[in-house]
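J.: My questions will all concern the structure given below.
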2 protein chains.
Amino acid sequence: MSSLKALAQRLGLSITTVSRALDDYPDVAQSTRERVRHAAREANYRPHSAARRLRKGAGETVAFVMPAQPGHFHEPVFAELLAAIGEKLAAEHHDLILLAARPGLEEMATYRRLVESGRADAFIIARTRRHDERVAYLEAKGVPFICHGRTETKRPYAFVDGDGEAGFKALTTRLIGLGHRRIAHLSAPSYLTFATLRAAGWRQAMTEGGLDEAARQLLVEGEPTEADGHRLAAELLAGPQPPTALLCATDRMALGAMQAVVEAGLAIGPDIAVTGHDNIPAASYARPGLTTMELPPAEVGMRLAAMVLARMGGGDPRELSTVLSLRQIPRGSSGEA
Amino acid sequence: MSSLKALAQRLGLSITTVSRALDDYPDVAQSTRERVRHAAREANYRPHSAARRLRKGAGETVAFVMPAQPGHFHEPVFAELLAAIGEKLAAEHHDLILLAARPGLEEMATYRRLVESGRADAFIIARTRRHDERVAYLEAKGVPFICHGRTETKRPYAFVDGDGEAGFKALTTRLIGLGHRRIAHLSAPSYLTFATLRAAGWRQAMTEGGLDEAARQLLVEGEPTEADGHRLAAELLAGPQPPTALLCATDRMALGAMQAVVEAGLAIGPDIAVTGHDNIPAASYARPGLTTMELPPAEVGMRLAAMVLARMGGGDPRELSTVLSLRQIPRGSSGEA
DNA sequence: ATAACGTTCCAAAACGTTTTGGAGACCGGT
DNA sequence: ACCGGTCTCCAAAACGTTTTGGAACGTTAT
């Protein structure tokens with residue numbers, strides 16, 4: 001690890017001059033600048049990141065805290081998202097630091113620790129909630145952040161999100177067009193913003209289709225897991241007036257629901273339509289294929305990274321928010337493909 | 001961000017004493033220690049990580065460089081692995097920094113940058129190759145690292161790996177017991193250590209079953225993706241003496257192979273057995289379910305984290321290597337379940 | 001000749017921490 | 001009185017960088 005001091009000594013210059021030469025200050029002679037540049041490349045010099053951050057008061061580090069459940073963390077798209085974020089940030093010479101903490105006290109303690117020890121200069125917040133303490137905390141501290149998903153707050157903030165409302169409305173309308181009337185919505189917990197938005201889209205389509213009454217009976221809520229999808233679907237199918245379509249908030253719920261349909265002796269597609277959201281790999285390998293919609297994780301990751309960099313540079317959050325429309329992917333499970 | 005200086009001033013003590021009190025040095029009076037502790041908690045004091053790392057010459061940061069292909073990075077288990085690593089490291093007050101870089105020049109440049117700028121104190125190496133430049137580089141630099149998977153090197157090194165050899169041998173033997181004779185192996189590229197080990201297990205079982213000649217014709221190699229699994233399986237099935245079993249190196253290859261089998265008009269399970277490795281979520285939602293084997297990612301992540309911490313503390317790599325046996329998961333695709 | 005200015009360089013301070021090498025106060029024993 | 005030892009405490013240096021506030025020199029204008 002060669003330092004400025006070593007370089008300066010070798011070149012017969014002062015530390016100051018070497019530092020300024022590498023930073024393209026105008027008060028160093030062209031010839032010296034080149035000499036320094038060359039020597040630095042030669043010696044494979046890299047500024048010591050800790051020293052720089054100590055002196056400048058801030059570094060180039062973005063933190064991502066995964067909202068991890070204890071043992072099981074089955075979010076297949078996260079890997080892709082992280083890869084995209086990591087790649088983009090690395091290209092701009094920034095670091096991504098990754099932590100996992102359970103939502104709640106542990107999560108907030110993690111955020112506080114990162115901010116107060118000066119480890120992180122900005123955050124990417126995943127799985128935003130409608131009332132999100134993480135957002136409140138970072139706003140209060142004046143730390144830049146970007147949300148993956150929307151939240152409710154007074155101040156302007158920057159986010160990337162899929163248009164779940166429009167996406168679920170369009171899909172529901174399509175199902176109505178196929179003749180479905182009793183379309184149930186298996187929602188994720190309503191404290192998660194995306195769950196509320198998707199439910200709103202479904203409700204709008206139901207209302208416009210004159211199916212208000214059906215809608216009133218057909219909204220159920222559970223965790224976005226296969227297990228809860230299975231349980232909720234089984235309960236609905238065992239009811240007095242079972243639905244003919246199960247519009248699930250996520251693919252994982254939908255996969256659980258598909259299993260419940262099969263166990264009830266019904267055919268997925270012709271008898272009962274099942275749909276999801278995310279386009280996880282399993283969706284295309286299920287039989288029949290799962291009708292779903294997608295927000296390309298690689299693109300979202302890229303955007304999140306680009307936006308957090310812009311925020312760190314002082315960009316206006318109002319100009320940085322993006323709602324991306326969802327790509328609909330019809331497959332056999334909705335009786336369409 | 002309160003500093004030692006601020007604390008010291010408030011308490012009427014020197015910086016030294018405050019620092020030593022918090023670090024439990026014996027040369028500070030019990031009463032002072034408590035007074036300092038209390039004030040530190042009060043002020044929500046955290047040592048500034050960059051300052052500490054600058055002074056101590058090393059910090060508490062582990063790096064993980066994802067071997068990412070450009071746009072698509074579909075390794076569902078990575079998310080879980082990362083969550084486990086991040087959680088364990090955070091619990092021990094270490095940071096995980098995550099980067100993505102394409103194997104090759106970009107990847108090595110990333111490693112060099114991290115080491116030379118003093119950003120990373122240790123590494124977790126994923127997807128080890130038989131001859132791995134990353135291992136060679138870190139060995140040369142004396143930087144501690146842990147491998148997820150094995151590699152070929154003279155010096156002792158630490159790793160966590162599943163026993164692919166025994167696992168694939170056991171599964172192949174089981175297939176032979178079911179009456180299969182022409183068991184093809186769809187291998188991953190042989191520069192990846194795990195691919196070689198899995199192929200070796202398959203070969204051993206074939207030899208012990210007296211099927212040497214069949215084995216000679218039935219080894220094919222491709223990328224561990226659905227696309228290559230599909231292609232290789234289709235080629236084999238179109239051959240003069242098609243196999244009755246497709247033993248795939250990974251679940252993703254197996255899912256592609258299953259599609260090829262269906263397209264060939266054959267039944268998965270009764271006609272042709274298909275098996276994989278990883279137990280990705282899609283494996284259990286395919287129809288029929290995919291017979292596979294598993295190395296629990298959460299446990300591997302925990303172990304990797306624990307081991308890298310031990311290595312950073314100077315632990316002997318010889319005592320830190322673990323080969324975990326694989327859990328076999330029989331499902332319909334092998335005609336067993 | 002002197003003043004004013006532009007160019008090129010540098011010494012020193014600062015960021016917040018840990019560690020080194022004592023210093024001062026008090027005790028008991030001589 | 002003095003010495004040795006034990007308890008507490010602290011000033012100062014160091015880690016590698018960036019930044020401030022000049023200094024030294026040569027050139028041009030007065």
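Following the order of the structure tokens, first chain is A, next is B, and so on, with residues numbered from 1 inside each chain and ligands from 1 in the order they appear.
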What residues in chain C have any atom no more than 10 Å from chain B when counting only C-alpha atoms (C1' of nucleotides), and can you write them as a PyMOL selection string?
T.: chain C and resi 15-19
J.: Any chance you could lay chain A over chain B, fitting all C-alpha atoms in order by least squares, and write the moved chain as a short mmCIF file (atom, residue, chain, number, x, y, z; two decimals) with C-alpha atoms, in the first residue's frame?
T.:
```cif
data_model
loop_
_atom_site.label_atom_id
_atom_site.label_comp_id
_atom_site.auth_asym_id
_atom_site.auth_seq_id
_atom_site.Cartn_x
_atom_site.Cartn_y
_atom_site.Cartn_z
CA MET A 1 -22.01 12.39 15.87
CA SER A 2 -20.43 12.84 19.21
CA SER A 3 -16.71 12.32 19.37
CA LEU A 4 -14.28 11.35 22.08
CA LYS A 5 -13.31 14.98 22.30
CA ALA A 6 -16.86 16.07 23.05
CA LEU A 7 -17.26 13.35 25.65
CA ALA A 8 -13.97 14.18 27.29
CA GLN A 9 -14.84 17.84 27.51
CA ARG A 10 -18.22 17.15 29.05
CA LEU A 11 -16.66 14.86 31.64
CA GLY A 12 -13.63 16.97 32.39
CA LEU A 13 -11.34 14.15 31.37
CA SER A 14 -8.74 13.69 28.68
CA ILE A 15 -9.47 11.99 25.38
CA THR A 16 -7.02 9.27 26.35
CA THR A 17 -8.83 8.37 29.51
CA VAL A 18 -12.21 8.27 27.85
CA SER A 19 -10.88 6.06 25.10
CA ARG A 20 -9.23 3.70 27.54
CA ALA A 21 -12.24 3.61 29.83
CA LEU A 22 -14.44 2.46 26.96
CA ASP A 23 -11.89 -0.14 25.97
CA ASP A 24 -11.69 -1.61 29.46
CA TYR A 25 -8.05 -0.82 30.11
CA PRO A 26 -7.01 -1.61 33.68
CA ASP A 27 -5.42 1.79 34.29
CA VAL A 28 -8.65 3.67 34.71
CA ALA A 29 -10.48 3.85 38.02
CA GLN A 30 -13.64 1.83 38.38
CA SER A 31 -15.68 4.92 39.20
CA THR A 32 -14.36 6.85 36.20
CA ARG A 33 -15.01 3.91 33.95
CA GLU A 34 -18.64 3.90 35.00
CA ARG A 35 -19.01 7.61 34.64
CA VAL A 36 -17.60 7.43 31.12
CA ARG A 37 -19.73 4.44 30.18
CA HIS A 38 -22.82 6.23 31.29
CA ALA A 39 -22.03 9.42 29.44
CA ALA A 40 -21.20 7.49 26.29
CA ARG A 41 -24.51 5.68 26.36
CA GLU A 42 -26.25 8.95 27.08
CA ALA A 43 -24.68 10.68 24.10
CA ASN A 44 -25.16 7.64 21.87
CA TYR A 45 -21.46 7.62 21.18
CA ARG A 46 -20.01 5.35 18.47
CA PRO A 47 -16.38 5.39 17.52
CA HIS A 48 -15.92 6.79 14.03
CA SER A 49 -15.12 3.73 12.00
CA ALA A 50 -12.88 5.47 9.49
CA ALA A 51 -10.79 7.10 12.20
CA ARG A 52 -10.37 3.81 13.98
CA ARG A 53 -9.41 1.95 10.84
CA LEU A 54 -6.95 4.65 9.87
CA ARG A 55 -5.24 4.49 13.21
CA LYS A 56 -5.29 0.72 13.65
CA GLY A 57 -4.33 -0.03 10.09
CA ALA A 58 -7.20 -2.44 9.71
CA GLY A 59 -10.92 -2.37 10.17
CA GLU A 60 -13.76 -4.80 10.42
CA THR A 61 -14.91 -5.19 6.89
CA VAL A 62 -15.47 -8.31 4.84
CA ALA A 63 -15.94 -8.08 1.09
CA PHE A 64 -18.01 -10.32 -1.15
CA VAL A 65 -17.60 -9.91 -4.90
CA MET A 66 -20.46 -11.47 -6.80
CA PRO A 67 -19.34 -13.09 -10.03
CA ALA A 68 -22.08 -11.33 -11.97
CA GLN A 69 -22.90 -11.86 -15.59
CA PRO A 70 -23.81 -8.60 -17.33
CA GLY A 71 -27.59 -8.23 -17.16
CA HIS A 72 -28.89 -11.47 -15.77
CA PHE A 73 -27.97 -12.83 -12.43
CA HIS A 74 -30.45 -15.55 -11.60
CA GLU A 75 -28.95 -17.29 -8.60
CA PRO A 76 -31.90 -17.51 -6.27
CA VAL A 77 -29.91 -18.95 -3.37
CA PHE A 78 -27.48 -16.04 -3.28
CA ALA A 79 -29.98 -13.75 -1.61
CA GLU A 80 -30.42 -16.15 1.24
CA LEU A 81 -26.72 -16.76 1.52
CA LEU A 82 -26.03 -13.04 1.65
CA ALA A 83 -28.72 -12.44 4.23
CA ALA A 84 -27.20 -15.07 6.48
CA ILE A 85 -23.68 -13.72 6.04
CA GLY A 86 -24.83 -10.15 6.61
CA GLU A 87 -26.74 -11.07 9.73
CA LYS A 88 -23.92 -13.00 11.32
CA LEU A 89 -21.29 -10.38 10.51
CA ALA A 90 -23.47 -7.56 11.77
CA ALA A 91 -23.97 -9.44 15.03
CA GLU A 92 -20.19 -9.41 15.45
CA HIS A 93 -19.97 -5.75 14.53
CA HIS A 94 -18.43 -6.33 11.15
CA ASP A 95 -19.50 -4.91 7.81
CA LEU A 96 -20.12 -6.80 4.63
CA ILE A 97 -19.34 -4.90 1.51
CA LEU A 98 -20.87 -6.23 -1.64
CA LEU A 99 -19.69 -5.74 -5.19
CA ALA A 100 -20.46 -7.25 -8.52
CA ALA A 101 -17.90 -7.83 -11.22
CA ARG A 102 -17.61 -10.06 -14.23
CA PRO A 103 -15.07 -12.86 -13.79
CA GLY A 104 -11.83 -11.98 -15.53
CA LEU A 105 -10.05 -8.66 -15.71
CA GLU A 106 -12.84 -6.65 -14.15
CA GLU A 107 -13.08 -9.05 -11.24
CA MET A 108 -9.37 -8.97 -10.50
CA ALA A 109 -9.29 -5.19 -10.78
CA THR A 110 -12.03 -5.08 -8.17
CA TYR A 111 -10.10 -7.29 -5.78
CA ARG A 112 -6.97 -5.22 -6.24
CA ARG A 113 -8.80 -1.97 -5.72
CA LEU A 114 -10.37 -3.24 -2.51
CA VAL A 115 -7.11 -4.51 -1.08
CA GLU A 116 -4.93 -1.61 -2.09
CA SER A 117 -7.25 1.10 -0.91
CA GLY A 118 -7.53 -0.66 2.43
CA ARG A 119 -11.28 -0.98 2.08
CA ALA A 120 -11.55 -4.68 2.79
CA ASP A 121 -9.85 -6.69 5.50
CA ALA A 122 -11.00 -10.10 4.36
CA PHE A 123 -12.87 -11.77 1.53
CA ILE A 124 -15.47 -14.40 0.91
CA ILE A 125 -14.86 -15.99 -2.47
CA ALA A 126 -17.86 -17.49 -4.21
CA ARG A 127 -18.02 -19.97 -7.07
CA THR A 128 -14.44 -21.03 -6.79
CA ARG A 129 -12.65 -22.24 -9.88
CA ARG A 130 -10.13 -25.01 -10.06
CA HIS A 131 -7.34 -22.57 -10.80
CA ASP A 132 -8.45 -19.45 -9.11
CA GLU A 133 -6.57 -16.18 -9.60
CA ARG A 134 -8.48 -14.63 -6.73
CA VAL A 135 -7.09 -17.20 -4.33
CA ALA A 136 -3.60 -16.75 -5.74
CA TYR A 137 -3.77 -13.00 -5.37
CA LEU A 138 -5.07 -12.98 -1.81
CA GLU A 139 -2.56 -15.63 -0.75
CA ALA A 140 0.24 -13.52 -2.19
CA LYS A 141 -1.01 -10.42 -0.41
CA GLY A 142 -1.59 -12.23 2.86
CA VAL A 143 -5.20 -11.16 3.04
CA PRO A 144 -7.49 -13.59 4.89
CA PHE A 145 -10.25 -15.22 2.86
CA ILE A 146 -12.75 -18.06 2.89
CA CYS A 147 -13.90 -19.99 -0.14
CA HIS A 148 -17.41 -21.08 -0.83
CA GLY A 149 -16.35 -24.20 -2.70
CA ARG A 150 -12.97 -25.82 -3.17
CA THR A 151 -10.00 -24.93 -5.36
CA GLU A 152 -6.57 -26.28 -6.19
CA THR A 153 -3.70 -24.58 -4.42
CA LYS A 154 -0.53 -25.65 -2.67
CA ARG A 155 -1.12 -23.86 0.57
CA PRO A 156 -3.79 -24.77 3.10
CA TYR A 157 -6.89 -22.63 2.77
CA ALA A 158 -10.27 -22.48 4.44
CA PHE A 159 -13.51 -23.37 2.72
CA VAL A 160 -17.10 -24.49 3.14
CA ASP A 161 -18.44 -26.83 0.53
CA GLY A 162 -21.10 -29.43 -0.03
CA ASP A 163 -19.98 -32.97 -0.67
CA GLY A 164 -21.00 -32.98 -4.32
CA GLU A 165 -18.94 -36.05 -5.05
CA ALA A 166 -20.69 -38.23 -2.48
CA GLY A 167 -24.06 -36.65 -3.24
CA PHE A 168 -23.91 -37.31 -6.98
CA LYS A 169 -22.52 -40.78 -6.44
CA ALA A 170 -25.36 -41.66 -4.10
CA LEU A 171 -28.00 -40.31 -6.44
CA THR A 172 -26.52 -42.09 -9.47
CA THR A 173 -26.39 -45.34 -7.53
CA ARG A 174 -30.04 -44.86 -6.60
CA LEU A 175 -30.93 -44.37 -10.27
CA ILE A 176 -29.03 -47.52 -11.21
CA GLY A 177 -31.00 -49.31 -8.52
CA LEU A 178 -34.19 -48.12 -10.20
CA GLY A 179 -33.09 -49.88 -13.36
CA HIS A 180 -31.46 -47.03 -15.26
CA ARG A 181 -28.42 -47.91 -17.33
CA ARG A 182 -27.92 -44.99 -19.70
CA ILE A 183 -27.55 -42.16 -17.20
CA ALA A 184 -26.25 -38.97 -18.80
CA HIS A 185 -24.51 -36.27 -16.81
CA LEU A 186 -25.11 -32.66 -17.80
CA SER A 187 -22.06 -31.07 -16.26
CA ALA A 188 -21.20 -27.43 -15.63
CA PRO A 189 -17.94 -26.13 -17.14
CA SER A 190 -15.00 -28.08 -15.81
CA TYR A 191 -13.08 -24.98 -14.72
CA LEU A 192 -15.58 -24.74 -11.87
CA THR A 193 -14.48 -27.03 -9.07
CA PHE A 194 -17.95 -28.12 -8.09
CA ALA A 195 -18.60 -29.31 -11.65
CA THR A 196 -15.58 -31.59 -11.59
CA LEU A 197 -16.49 -33.03 -8.20
CA ARG A 198 -20.07 -33.76 -9.18
CA ALA A 199 -18.94 -35.40 -12.41
CA ALA A 200 -16.47 -37.50 -10.43
CA GLY A 201 -19.24 -38.77 -8.16
CA TRP A 202 -21.37 -39.72 -11.16
CA ARG A 203 -18.43 -41.47 -12.83
CA GLN A 204 -17.61 -43.48 -9.70
CA ALA A 205 -21.14 -44.78 -9.41
CA MET A 206 -21.21 -45.66 -13.10
CA THR A 207 -17.94 -47.56 -12.79
CA GLU A 208 -19.06 -49.43 -9.71
CA GLY A 209 -22.28 -50.30 -11.53
CA GLY A 210 -20.29 -51.70 -14.46
CA LEU A 211 -21.49 -48.92 -16.74
CA ASP A 212 -18.14 -47.55 -17.83
CA GLU A 213 -18.93 -47.71 -21.49
CA ALA A 214 -22.22 -45.88 -21.16
CA ALA A 215 -20.48 -43.25 -19.07
CA ARG A 216 -17.94 -42.60 -21.82
CA GLN A 217 -20.67 -41.47 -24.19
CA LEU A 218 -22.94 -39.67 -21.78
CA LEU A 219 -20.96 -36.77 -20.35
CA VAL A 220 -21.86 -33.39 -21.80
CA GLU A 221 -20.93 -29.93 -20.61
CA GLY A 222 -22.51 -26.50 -20.70
CA GLU A 223 -23.19 -23.34 -18.71
CA PRO A 224 -25.30 -23.89 -15.58
CA THR A 225 -28.35 -22.19 -17.09
CA GLU A 226 -31.82 -23.28 -18.16
CA ALA A 227 -30.91 -22.55 -21.78
CA ASP A 228 -27.89 -24.85 -21.87
CA GLY A 229 -29.72 -27.52 -19.91
CA HIS A 230 -32.43 -27.43 -22.53
CA ARG A 231 -30.01 -27.54 -25.43
CA LEU A 232 -27.89 -30.38 -24.06
CA ALA A 233 -30.90 -32.47 -23.12
CA ALA A 234 -32.49 -31.98 -26.54
CA GLU A 235 -29.27 -33.09 -28.25
CA LEU A 236 -28.97 -36.20 -26.09
CA LEU A 237 -32.60 -37.18 -26.60
CA ALA A 238 -32.26 -36.80 -30.38
CA GLY A 239 -29.22 -39.10 -30.45
CA PRO A 240 -29.11 -42.72 -31.62
CA GLN A 241 -29.18 -44.24 -28.12
CA PRO A 242 -30.88 -41.67 -25.90
CA PRO A 243 -30.34 -41.83 -22.15
CA THR A 244 -33.10 -42.75 -19.71
CA ALA A 245 -31.86 -40.43 -17.00
CA LEU A 246 -30.50 -36.87 -17.06
CA LEU A 247 -28.38 -36.16 -13.99
CA CYS A 248 -27.90 -32.39 -14.11
CA ALA A 249 -25.23 -30.46 -12.24
CA THR A 250 -27.69 -27.75 -11.16
CA ASP A 251 -31.42 -27.22 -10.79
CA ARG A 252 -31.41 -24.53 -13.43
CA MET A 253 -29.97 -26.96 -15.97
CA ALA A 254 -32.47 -29.57 -14.82
CA LEU A 255 -35.42 -27.24 -15.34
CA GLY A 256 -34.25 -26.60 -18.90
CA ALA A 257 -33.78 -30.32 -19.41
CA MET A 258 -37.30 -31.04 -18.15
CA GLN A 259 -38.70 -28.73 -20.78
CA ALA A 260 -36.72 -30.54 -23.48
CA VAL A 261 -38.09 -33.89 -22.28
CA VAL A 262 -41.66 -32.61 -22.48
CA GLU A 263 -41.04 -31.20 -25.95
CA ALA A 264 -39.72 -34.59 -27.04
CA GLY A 265 -43.10 -36.05 -26.11
CA LEU A 266 -41.71 -38.06 -23.22
CA ALA A 267 -42.94 -38.27 -19.64
CA ILE A 268 -40.68 -36.94 -16.89
CA GLY A 269 -40.31 -39.55 -14.21
CA PRO A 270 -41.66 -42.74 -15.76
CA ASP A 271 -39.88 -42.40 -19.15
CA ILE A 272 -36.94 -40.20 -18.29
CA ALA A 273 -35.59 -39.33 -14.87
CA VAL A 274 -34.31 -35.79 -14.37
CA THR A 275 -32.39 -34.58 -11.32
CA GLY A 276 -30.64 -31.42 -10.19
CA HIS A 277 -28.81 -29.79 -7.32
CA ASP A 278 -29.49 -26.70 -5.17
CA ASN A 279 -33.16 -27.09 -4.29
CA ILE A 280 -34.07 -23.69 -5.65
CA PRO A 281 -37.69 -22.71 -5.02
CA ALA A 282 -38.65 -23.45 -8.61
CA ALA A 283 -37.64 -27.10 -8.12
CA SER A 284 -40.51 -27.75 -5.74
CA TYR A 285 -43.06 -25.95 -7.92
CA ALA A 286 -42.20 -27.67 -11.17
CA ARG A 287 -44.54 -30.46 -12.31
CA PRO A 288 -43.51 -33.07 -11.49
CA GLY A 289 -41.39 -31.85 -8.61
CA LEU A 290 -37.67 -31.89 -9.34
CA THR A 291 -35.56 -34.45 -7.50
CA THR A 292 -32.58 -32.57 -6.17
CA MET A 293 -30.21 -32.15 -3.25
CA GLU A 294 -29.53 -29.27 -0.97
CA LEU A 295 -26.84 -27.46 0.94
CA PRO A 296 -28.85 -25.14 3.21
CA PRO A 297 -27.79 -21.61 2.20
CA ALA A 298 -28.58 -20.09 5.56
CA GLU A 299 -26.30 -22.53 7.32
CA VAL A 300 -23.55 -22.12 4.75
CA GLY A 301 -23.78 -18.35 5.09
CA MET A 302 -23.53 -18.55 8.86
CA ARG A 303 -20.52 -20.81 8.64
CA LEU A 304 -18.79 -18.67 6.05
CA ALA A 305 -19.23 -15.62 8.22
CA ALA A 306 -18.08 -17.37 11.38
CA MET A 307 -15.05 -18.76 9.57
CA VAL A 308 -13.99 -15.51 8.01
CA LEU A 309 -14.12 -13.93 11.45
CA ALA A 310 -11.96 -16.74 12.78
CA ARG A 311 -9.47 -16.26 9.94
CA MET A 312 -9.28 -12.54 10.61
CA GLY A 313 -8.50 -13.41 14.19
CA GLY A 314 -5.63 -15.56 12.98
CA GLY A 315 -7.33 -18.96 13.05
CA ASP A 316 -5.64 -21.86 11.31
CA PRO A 317 -7.18 -22.51 7.88
CA ARG A 318 -6.62 -26.23 8.29
CA GLU A 319 -9.01 -26.37 11.19
CA LEU A 320 -11.57 -24.24 9.43
CA SER A 321 -12.51 -26.28 6.41
CA THR A 322 -15.81 -28.03 6.26
CA VAL A 323 -17.36 -30.43 3.80
CA LEU A 324 -21.07 -30.67 4.50
CA SER A 325 -23.06 -33.64 3.33
CA LEU A 326 -25.95 -32.92 1.03
CA ARG A 327 -29.55 -33.53 1.88
CA GLN A 328 -31.18 -35.64 -0.83
CA ILE A 329 -34.66 -34.50 -1.83
CA PRO A 330 -36.46 -37.10 -3.96
CA ARG A 331 -39.44 -35.83 -5.93
CA GLY A 332 -41.47 -37.00 -8.89
CA SER A 333 -38.94 -36.21 -11.60
CA SER A 334 -36.83 -39.24 -10.77
CA GLY A 335 -39.79 -41.59 -10.67
CA GLU A 336 -39.23 -42.20 -6.99
CA ALA A 337 -41.64 -40.06 -5.01
#
```
J.: With the cut-off set at 12 Å and counting only C-alpha atoms (C1' of nucleotides), tabulate each residue of chain D with an atom at most that distance from an atom of chain B, showing the nearest atom pair and its distance in Å to one decimal, ordered by chain and increasing number, as a tab-separated table.
T.:
```
residue	atom	partner	partner_atom	distance
D:DT6	C1'	B:Asp27	CA	10.4
D:DC7	C1'	B:Asp27	CA	7.4
D:DT8	C1'	B:Val28	CA	6.2
D:DC9	C1'	B:Thr17	CA	6.9
D:DC10	C1'	B:Ser14	CA	6.3
D:DA11	C1'	B:Ser14	CA	9.1
D:DA12	C1'	B:Thr16	CA	10.7
D:DA13	C1'	B:Arg55	CA	11.4
D:DA14	C1'	B:Arg55	CA	7.4
D:DC15	C1'	B:Arg55	CA	4.4
D:DG16	C1'	B:Leu54	CA	7.5
D:DT17	C1'	B:Leu54	CA	10.2
```
J.: Range 74-210 of chain B: which residues are strand (DSSP E) by DSSP, as a list in words?
T.: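 Across range 74-210 of chain B, those assigned strand (DSSP E) are Asp95, Leu96, Ile97, Leu98, Leu99, Ala100, Ala101, Ala122, Phe123, Ile124, Ile125, Ala126, Phe145, Ile146, Cys147, His148, Phe159, Val160, Asp161, Gly162, Ile183, Ala184, His185, Leu186 and Ser187 of chain B.
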J.: Hey, can you spit out that residue selection with N, CA and C atoms as a short mmCIF file (atom, residue, chain, number, x, y, z; two decimals), in the first residue's frame?
T.:
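Output contents, as saved in out.cif:
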```cif
data_model
loop_
_atom_site.label_atom_id
_atom_site.label_comp_id
_atom_site.auth_asym_id
_atom_site.auth_seq_id
_atom_site.Cartn_x
_atom_site.Cartn_y
_atom_site.Cartn_z
N ASP B 95 -18.69 -5.27 8.89
CA ASP B 95 -19.46 -4.86 7.73
C ASP B 95 -19.20 -5.80 6.57
N LEU B 96 -20.24 -5.98 5.77
CA LEU B 96 -20.08 -6.76 4.55
C LEU B 96 -20.17 -5.79 3.40
N ILE B 97 -19.12 -5.69 2.60
CA ILE B 97 -19.29 -4.86 1.43
C ILE B 97 -19.42 -5.72 0.20
N LEU B 98 -20.38 -5.33 -0.62
CA LEU B 98 -20.81 -6.18 -1.73
C LEU B 98 -20.50 -5.51 -3.04
N LEU B 99 -19.88 -6.23 -3.94
CA LEU B 99 -19.64 -5.69 -5.27
C LEU B 99 -20.00 -6.73 -6.30
N ALA B 100 -20.14 -6.29 -7.51
CA ALA B 100 -20.41 -7.20 -8.60
C ALA B 100 -19.40 -6.92 -9.69
N ALA B 101 -18.81 -7.95 -10.23
CA ALA B 101 -17.86 -7.77 -11.31
C ALA B 101 -17.81 -9.04 -12.14
N ALA B 122 -10.86 -8.63 4.53
CA ALA B 122 -10.96 -10.06 4.26
C ALA B 122 -11.98 -10.27 3.15
N PHE B 123 -11.95 -11.45 2.55
CA PHE B 123 -12.83 -11.73 1.43
C PHE B 123 -13.56 -13.05 1.58
N ILE B 124 -14.76 -13.08 1.02
CA ILE B 124 -15.43 -14.35 0.81
C ILE B 124 -15.47 -14.56 -0.70
N ILE B 125 -14.92 -15.66 -1.13
CA ILE B 125 -14.83 -15.94 -2.57
C ILE B 125 -15.90 -16.94 -2.95
N ALA B 126 -16.74 -16.55 -3.89
CA ALA B 126 -17.83 -17.43 -4.30
C ALA B 126 -17.52 -18.08 -5.63
N PHE B 145 -9.02 -14.93 3.59
CA PHE B 145 -10.20 -15.18 2.75
C PHE B 145 -10.78 -16.55 3.06
N ILE B 146 -12.02 -16.72 2.66
CA ILE B 146 -12.70 -18.00 2.79
C ILE B 146 -13.33 -18.32 1.44
N CYS B 147 -13.26 -19.56 1.04
CA CYS B 147 -13.86 -19.95 -0.23
C CYS B 147 -15.21 -20.63 -0.01
N HIS B 148 -16.14 -20.26 -0.85
CA HIS B 148 -17.38 -21.01 -0.92
C HIS B 148 -17.20 -22.00 -2.07
N PHE B 159 -12.30 -23.29 3.53
CA PHE B 159 -13.47 -23.29 2.66
C PHE B 159 -14.67 -23.96 3.33
N VAL B 160 -15.83 -23.66 2.77
CA VAL B 160 -17.05 -24.40 3.08
C VAL B 160 -17.55 -24.95 1.76
N ASP B 161 -17.90 -26.20 1.74
CA ASP B 161 -18.40 -26.76 0.49
C ASP B 161 -19.34 -27.91 0.80
N GLY B 162 -20.21 -28.17 -0.14
CA GLY B 162 -21.05 -29.36 -0.03
C GLY B 162 -20.31 -30.54 -0.61
N ILE B 183 -27.39 -43.38 -17.92
CA ILE B 183 -27.56 -42.17 -17.10
C ILE B 183 -26.60 -41.10 -17.60
N ALA B 184 -27.15 -40.06 -18.21
CA ALA B 184 -26.28 -38.99 -18.73
C ALA B 184 -25.99 -37.98 -17.62
N HIS B 185 -24.83 -37.35 -17.71
CA HIS B 185 -24.53 -36.28 -16.76
C HIS B 185 -24.38 -34.96 -17.52
N LEU B 186 -25.23 -34.01 -17.19
CA LEU B 186 -25.13 -32.67 -17.77
C LEU B 186 -24.28 -31.85 -16.82
N SER B 187 -23.02 -31.71 -17.15
CA SER B 187 -22.07 -31.08 -16.25
C SER B 187 -21.96 -29.58 -16.50
#
```
